[in-house]
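Asker: Sending over a structure as structure tokens; questions will come in a sec.
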Amino acid sequence: AAPPIAVMLSRACRMRVTDAAAARLLATGRAAGSAVWDVRRFSSSQVSSGSGSARAQWPGAVRLSPVERVALTVGSALTALGDPERGDMVAMLGETTGESALRAMASRMRADPDGKVLLEERPRIRDGDVASWNLASLPEASLGRAYGDFMASHGFDADSRAEVRYVTDDELAYVLQRYREAHDFLHPLTGLPPTVLGELGLKWLEMIQTGLPMTAMAALVGPLRLDAAERAVLTRHLVPWAAEQGRAARFLMAARFEAMLAWPLHQVRMDFGIAPAPDVDALLRHYRSVGWGGRTGLAHLAPWKRAGALSREDEASVAPAVWGSWRRPAHAPAR
């Protein structure tokens, strides 16, 4: 069976969109014979910094005409929906449809002190950077150690993240690149595995925080391919968790994860006011053992509903209200 769109979207971050794929979409549009699809031959010429625009251009960006953008957007969407293995089409869709959301994300980053630093310094998360962090030497319960273990255990590498090509605005392209490269930090931060349900839970969280259309596509269409027990876990546990955390937590795109590698993981969660997700595997075992309609005995599987929503030793450091405002503990290390 074809993988759900959430998994396809995760793969898309690690696939590179080729000129040939884009050219085929444009050729398909021309063959349709409609004026709407009367597109010019795809050009892979690079955008120069001397184009006259007041904004800097993203290195290696490809300029698209409005009609070409429509062709790529519609073609990539139809191709991705028809063939979930085409992660390159999802990556292309994300770049051709997300400008408004990216502008809103950049604005939120500029309003956050850490996000402002990210936009000014523009650090990347690549294999060379990860190697320089020496993650294996960090404390076992730290964010950096959890990230390193996650990447190693699943065979992921930072360099596999695709480069942004169809967003020409320098700042917006970096925001999207940062979104792709920081995604894997969200798995240890939330406790969600890189499985179908885990990715869908993250897409709901990302959709609420970022508003990116491609996250909405994954969050809304992906569940159609789940079985009954998986849909029960998603709709009864992960979606409510993502909806509440997405609104209550600080903007995760403003996180300078590189400066927090040595922090204990629970303190990073406290700093951003985000609670770990419900235990997906335990919930699935429960629903498959008692029937997907059962709800008995699940309170212990949703720790995010508890006051503080973190480990017991941290609950004294946060506001007692279940959804109260989160405050950085006095003992949190400085960045």
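By convention here, the chains of the structure tokens are called A, B, ... in the order presented, each chain's residues are numbered starting at 1, and ligands are numbered starting at 1 in the order presented.
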Excluding Met253 of chain A and any residue of its chain fewer than 6 positions from it, enumerate the residues within 8 Å of it, using only C-alpha atoms, and give them as a ChimeraX atom specification.
Answerer: /A:105,109,115,178-179,182
Asker: Store the residues of this selection in a file with all heavy atoms, as an mmCIF file, in the first residue's frame.
Answerer:
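Wrote part18.cif, looks like this:
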data_model
loop_
_atom_site.group_PDB
_atom_site.id
_atom_site.type_symbol
_atom_site.label_atom_id
_atom_site.label_comp_id
_atom_site.auth_asym_id
_atom_site.auth_seq_id
_atom_site.Cartn_x
_atom_site.Cartn_y
_atom_site.Cartn_z
ATOM 1 N N MET A 105 5.479 33.627 8.830
ATOM 2 C CA MET A 105 6.471 32.962 9.662
ATOM 3 C C MET A 105 7.680 33.862 9.890
ATOM 4 O O MET A 105 8.199 33.961 11.007
ATOM 5 C CB MET A 105 6.896 31.644 9.006
ATOM 6 C CG MET A 105 5.802 30.585 8.993
ATOM 7 S SD MET A 105 6.172 29.214 7.851
ATOM 8 C CE MET A 105 7.635 28.509 8.635
ATOM 9 N N MET A 109 9.158 35.295 13.416
ATOM 10 C CA MET A 109 10.553 35.088 13.798
ATOM 11 C C MET A 109 11.226 36.406 14.146
ATOM 12 O O MET A 109 11.985 36.486 15.114
ATOM 13 C CB MET A 109 11.306 34.368 12.671
ATOM 14 C CG MET A 109 10.877 32.918 12.470
ATOM 15 S SD MET A 109 11.665 32.122 11.042
ATOM 16 C CE MET A 109 13.347 31.922 11.663
ATOM 17 N N GLY A 115 14.421 34.168 17.177
ATOM 18 C CA GLY A 115 14.103 34.116 15.762
ATOM 19 C C GLY A 115 14.794 35.212 14.980
ATOM 20 O O GLY A 115 15.234 35.004 13.841
ATOM 21 N N ARG A 178 15.032 26.529 6.805
ATOM 22 C CA ARG A 178 15.136 26.287 8.247
ATOM 23 C C ARG A 178 14.027 25.349 8.714
ATOM 24 O O ARG A 178 14.258 24.461 9.551
ATOM 25 C CB ARG A 178 15.054 27.621 8.997
ATOM 26 C CG ARG A 178 15.126 27.493 10.515
ATOM 27 C CD ARG A 178 16.496 27.069 10.983
ATOM 28 N NE ARG A 178 16.543 26.895 12.419
ATOM 29 C CZ ARG A 178 17.650 26.626 13.112
ATOM 30 N NH1 ARG A 178 18.810 26.515 12.478
ATOM 31 N NH2 ARG A 178 17.609 26.475 14.417
ATOM 32 N N TYR A 179 12.828 25.535 8.188
ATOM 33 C CA TYR A 179 11.717 24.640 8.524
ATOM 34 C C TYR A 179 12.078 23.191 8.211
ATOM 35 O O TYR A 179 11.842 22.288 9.011
ATOM 36 C CB TYR A 179 10.462 25.066 7.761
ATOM 37 C CG TYR A 179 9.398 24.007 7.683
ATOM 38 C CD1 TYR A 179 8.551 23.749 8.763
ATOM 39 C CD2 TYR A 179 9.250 23.246 6.532
ATOM 40 C CE1 TYR A 179 7.583 22.760 8.687
ATOM 41 C CE2 TYR A 179 8.294 22.257 6.453
ATOM 42 C CZ TYR A 179 7.457 22.014 7.531
ATOM 43 O OH TYR A 179 6.514 21.025 7.457
ATOM 44 N N ALA A 182 15.157 21.960 10.558
ATOM 45 C CA ALA A 182 14.872 21.867 11.992
ATOM 46 C C ALA A 182 13.812 20.827 12.311
ATOM 47 O O ALA A 182 13.569 20.537 13.491
ATOM 48 C CB ALA A 182 14.435 23.225 12.533
#
Asker: Please identify which residues in segment 89-164 of chain A DSSP calls alpha helix (DSSP H) from the backbone, and express them as a ChimeraX atom specification.
Answerer: /A:89-97,99-111,113-121,127-132,143-154
Asker: Please, could you write that set of residues out with N, CA and C atoms as a compact mmCIF listing (two decimals), in the first residue's frame?
Answerer:
# COMPACT_ATOMS: atom_id res chain seq x y z
N MET A 89 7.53 15.87 -5.70
CA MET A 89 6.41 16.72 -6.07
C MET A 89 5.84 17.45 -4.86
N VAL A 90 5.87 16.81 -3.70
CA VAL A 90 5.40 17.49 -2.49
C VAL A 90 6.34 18.63 -2.13
N ALA A 91 7.65 18.41 -2.27
CA ALA A 91 8.61 19.47 -2.00
C ALA A 91 8.37 20.64 -2.94
N MET A 92 8.13 20.35 -4.21
CA MET A 92 7.85 21.42 -5.17
C MET A 92 6.57 22.16 -4.80
N LEU A 93 5.54 21.41 -4.39
CA LEU A 93 4.27 22.03 -4.00
C LEU A 93 4.47 22.98 -2.82
N GLY A 94 5.28 22.57 -1.87
CA GLY A 94 5.54 23.43 -0.72
C GLY A 94 6.20 24.74 -1.10
N GLU A 95 7.04 24.71 -2.13
CA GLU A 95 7.75 25.92 -2.52
C GLU A 95 6.90 26.85 -3.39
N THR A 96 5.92 26.30 -4.11
CA THR A 96 5.13 27.13 -5.01
C THR A 96 3.85 27.65 -4.38
N THR A 97 3.49 27.17 -3.19
CA THR A 97 2.22 27.58 -2.57
C THR A 97 2.37 28.29 -1.24
N GLU A 99 4.10 31.13 -0.08
CA GLU A 99 4.67 32.47 0.10
C GLU A 99 3.99 33.25 1.23
N SER A 100 2.66 33.25 1.26
CA SER A 100 1.95 34.01 2.31
C SER A 100 2.28 33.49 3.69
N ALA A 101 2.29 32.16 3.82
CA ALA A 101 2.62 31.57 5.12
C ALA A 101 4.06 31.86 5.50
N LEU A 102 4.96 31.82 4.53
CA LEU A 102 6.37 32.10 4.83
C LEU A 102 6.56 33.54 5.28
N ARG A 103 5.81 34.47 4.70
CA ARG A 103 5.92 35.86 5.14
C ARG A 103 5.44 36.02 6.58
N ALA A 104 4.35 35.33 6.92
CA ALA A 104 3.86 35.38 8.30
C ALA A 104 4.85 34.73 9.25
N MET A 105 5.48 33.63 8.83
CA MET A 105 6.47 32.96 9.66
C MET A 105 7.68 33.86 9.89
N ALA A 106 8.14 34.53 8.83
CA ALA A 106 9.29 35.43 8.97
C ALA A 106 8.96 36.58 9.92
N SER A 107 7.74 37.07 9.85
CA SER A 107 7.33 38.16 10.74
C SER A 107 7.35 37.70 12.20
N ARG A 108 6.86 36.50 12.46
CA ARG A 108 6.87 35.97 13.82
C ARG A 108 8.30 35.72 14.30
N MET A 109 9.16 35.29 13.42
CA MET A 109 10.55 35.09 13.80
C MET A 109 11.23 36.41 14.15
N ARG A 110 10.95 37.45 13.37
CA ARG A 110 11.55 38.75 13.67
C ARG A 110 11.07 39.31 15.01
N ALA A 111 9.86 38.92 15.42
CA ALA A 111 9.30 39.41 16.67
C ALA A 111 9.84 38.66 17.88
N PRO A 113 13.22 37.26 19.96
CA PRO A 113 14.66 37.53 20.02
C PRO A 113 15.51 36.44 19.38
N ASP A 114 15.18 35.19 19.67
CA ASP A 114 15.96 34.11 19.06
C ASP A 114 15.69 33.99 17.57
N GLY A 115 14.42 34.17 17.18
CA GLY A 115 14.10 34.12 15.76
C GLY A 115 14.79 35.21 14.98
N LYS A 116 14.91 36.38 15.58
CA LYS A 116 15.61 37.49 14.93
C LYS A 116 17.08 37.15 14.70
N VAL A 117 17.69 36.48 15.67
CA VAL A 117 19.09 36.06 15.51
C VAL A 117 19.20 35.06 14.36
N LEU A 118 18.25 34.14 14.27
CA LEU A 118 18.28 33.17 13.18
C LEU A 118 18.23 33.85 11.83
N LEU A 119 17.35 34.83 11.68
CA LEU A 119 17.23 35.52 10.40
C LEU A 119 18.46 36.34 10.07
N GLU A 120 19.14 36.84 11.10
CA GLU A 120 20.34 37.63 10.86
C GLU A 120 21.56 36.76 10.56
N GLU A 121 21.72 35.69 11.32
CA GLU A 121 22.91 34.85 11.18
C GLU A 121 22.71 33.70 10.19
N ASP A 127 25.36 18.15 7.80
CA ASP A 127 26.17 17.09 8.42
C ASP A 127 27.43 17.64 9.08
N GLY A 128 28.08 18.60 8.42
CA GLY A 128 29.29 19.17 9.00
C GLY A 128 29.02 19.86 10.33
N ASP A 129 27.89 20.56 10.40
CA ASP A 129 27.53 21.23 11.65
C ASP A 129 27.23 20.21 12.74
N VAL A 130 26.46 19.19 12.38
CA VAL A 130 26.09 18.17 13.35
C VAL A 130 27.33 17.47 13.89
N ALA A 131 28.29 17.18 13.01
CA ALA A 131 29.52 16.52 13.45
C ALA A 131 30.30 17.40 14.41
N SER A 132 30.29 18.71 14.18
CA SER A 132 31.05 19.62 15.05
C SER A 132 30.42 19.75 16.43
N LEU A 143 18.98 17.72 24.95
CA LEU A 143 18.36 17.83 23.64
C LEU A 143 19.31 17.31 22.56
N GLY A 144 20.58 17.72 22.62
CA GLY A 144 21.52 17.30 21.59
C GLY A 144 21.72 15.80 21.55
N ARG A 145 21.80 15.17 22.71
CA ARG A 145 21.97 13.72 22.75
C ARG A 145 20.72 13.03 22.18
N ALA A 146 19.54 13.53 22.55
CA ALA A 146 18.30 12.95 22.04
C ALA A 146 18.21 13.10 20.53
N TYR A 147 18.62 14.26 20.02
CA TYR A 147 18.61 14.48 18.57
C TYR A 147 19.59 13.55 17.87
N GLY A 148 20.80 13.44 18.41
CA GLY A 148 21.79 12.56 17.80
C GLY A 148 21.36 11.12 17.80
N ASP A 149 20.79 10.65 18.90
CA ASP A 149 20.31 9.28 18.97
C ASP A 149 19.17 9.04 17.99
N PHE A 150 18.30 10.03 17.86
CA PHE A 150 17.18 9.91 16.93
C PHE A 150 17.69 9.77 15.50
N MET A 151 18.60 10.64 15.10
CA MET A 151 19.12 10.60 13.74
C MET A 151 19.85 9.30 13.45
N ALA A 152 20.68 8.85 14.42
CA ALA A 152 21.46 7.64 14.21
C ALA A 152 20.58 6.39 14.17
N SER A 153 19.60 6.32 15.05
CA SER A 153 18.77 5.13 15.13
C SER A 153 17.89 4.94 13.90
N HIS A 154 17.57 6.03 13.21
CA HIS A 154 16.72 5.93 12.03
C HIS A 154 17.49 6.09 10.72
Asker: When you look at Arg250 of chain A with a cut-off of 10 Å (counting only C-alpha atoms), what residues show up, excluding the ones that are within fewer than 3 positions of it in the same chain? I need them as a VMD selection string.
Answerer: chain A and resid 112 209 245 to 247 253 to 255 271 to 274 326
Asker: Now that the selection is made, can you save its residues with C-alpha atoms as a tab-separated table (two decimals), in the first residue's frame?
Answerer:
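The resulting selection-v2.tsv:
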chain	number	residue	atom	x	y	z
A	112	ASP	CA	11.12	36.76	18.75
A	209	GLN	CA	2.00	27.03	14.00
A	245	GLN	CA	0.15	22.92	21.96
A	246	GLY	CA	0.30	24.69	18.62
A	247	ARG	CA	-1.57	27.66	20.05
A	253	MET	CA	10.45	28.12	14.10
A	254	ALA	CA	12.20	30.70	16.29
A	255	ALA	CA	14.02	27.99	18.24
A	271	ASP	CA	11.30	27.09	27.70
A	272	PHE	CA	9.01	26.71	24.69
A	273	GLY	CA	5.94	25.76	26.69
A	274	ILE	CA	5.37	22.55	24.81
A	326	TRP	CA	4.46	29.01	30.49
Asker: Using only C-alpha atoms, which of A:Leu224, A:Val164, A:Val70, A:Ile208 sits nearest Ala249 of chain A?
Answerer: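 Of A:Leu224, A:Val164, A:Val70, A:Ile208, the one nearest Ala249 of chain A, counting only C-alpha atoms, is A:Ile208.
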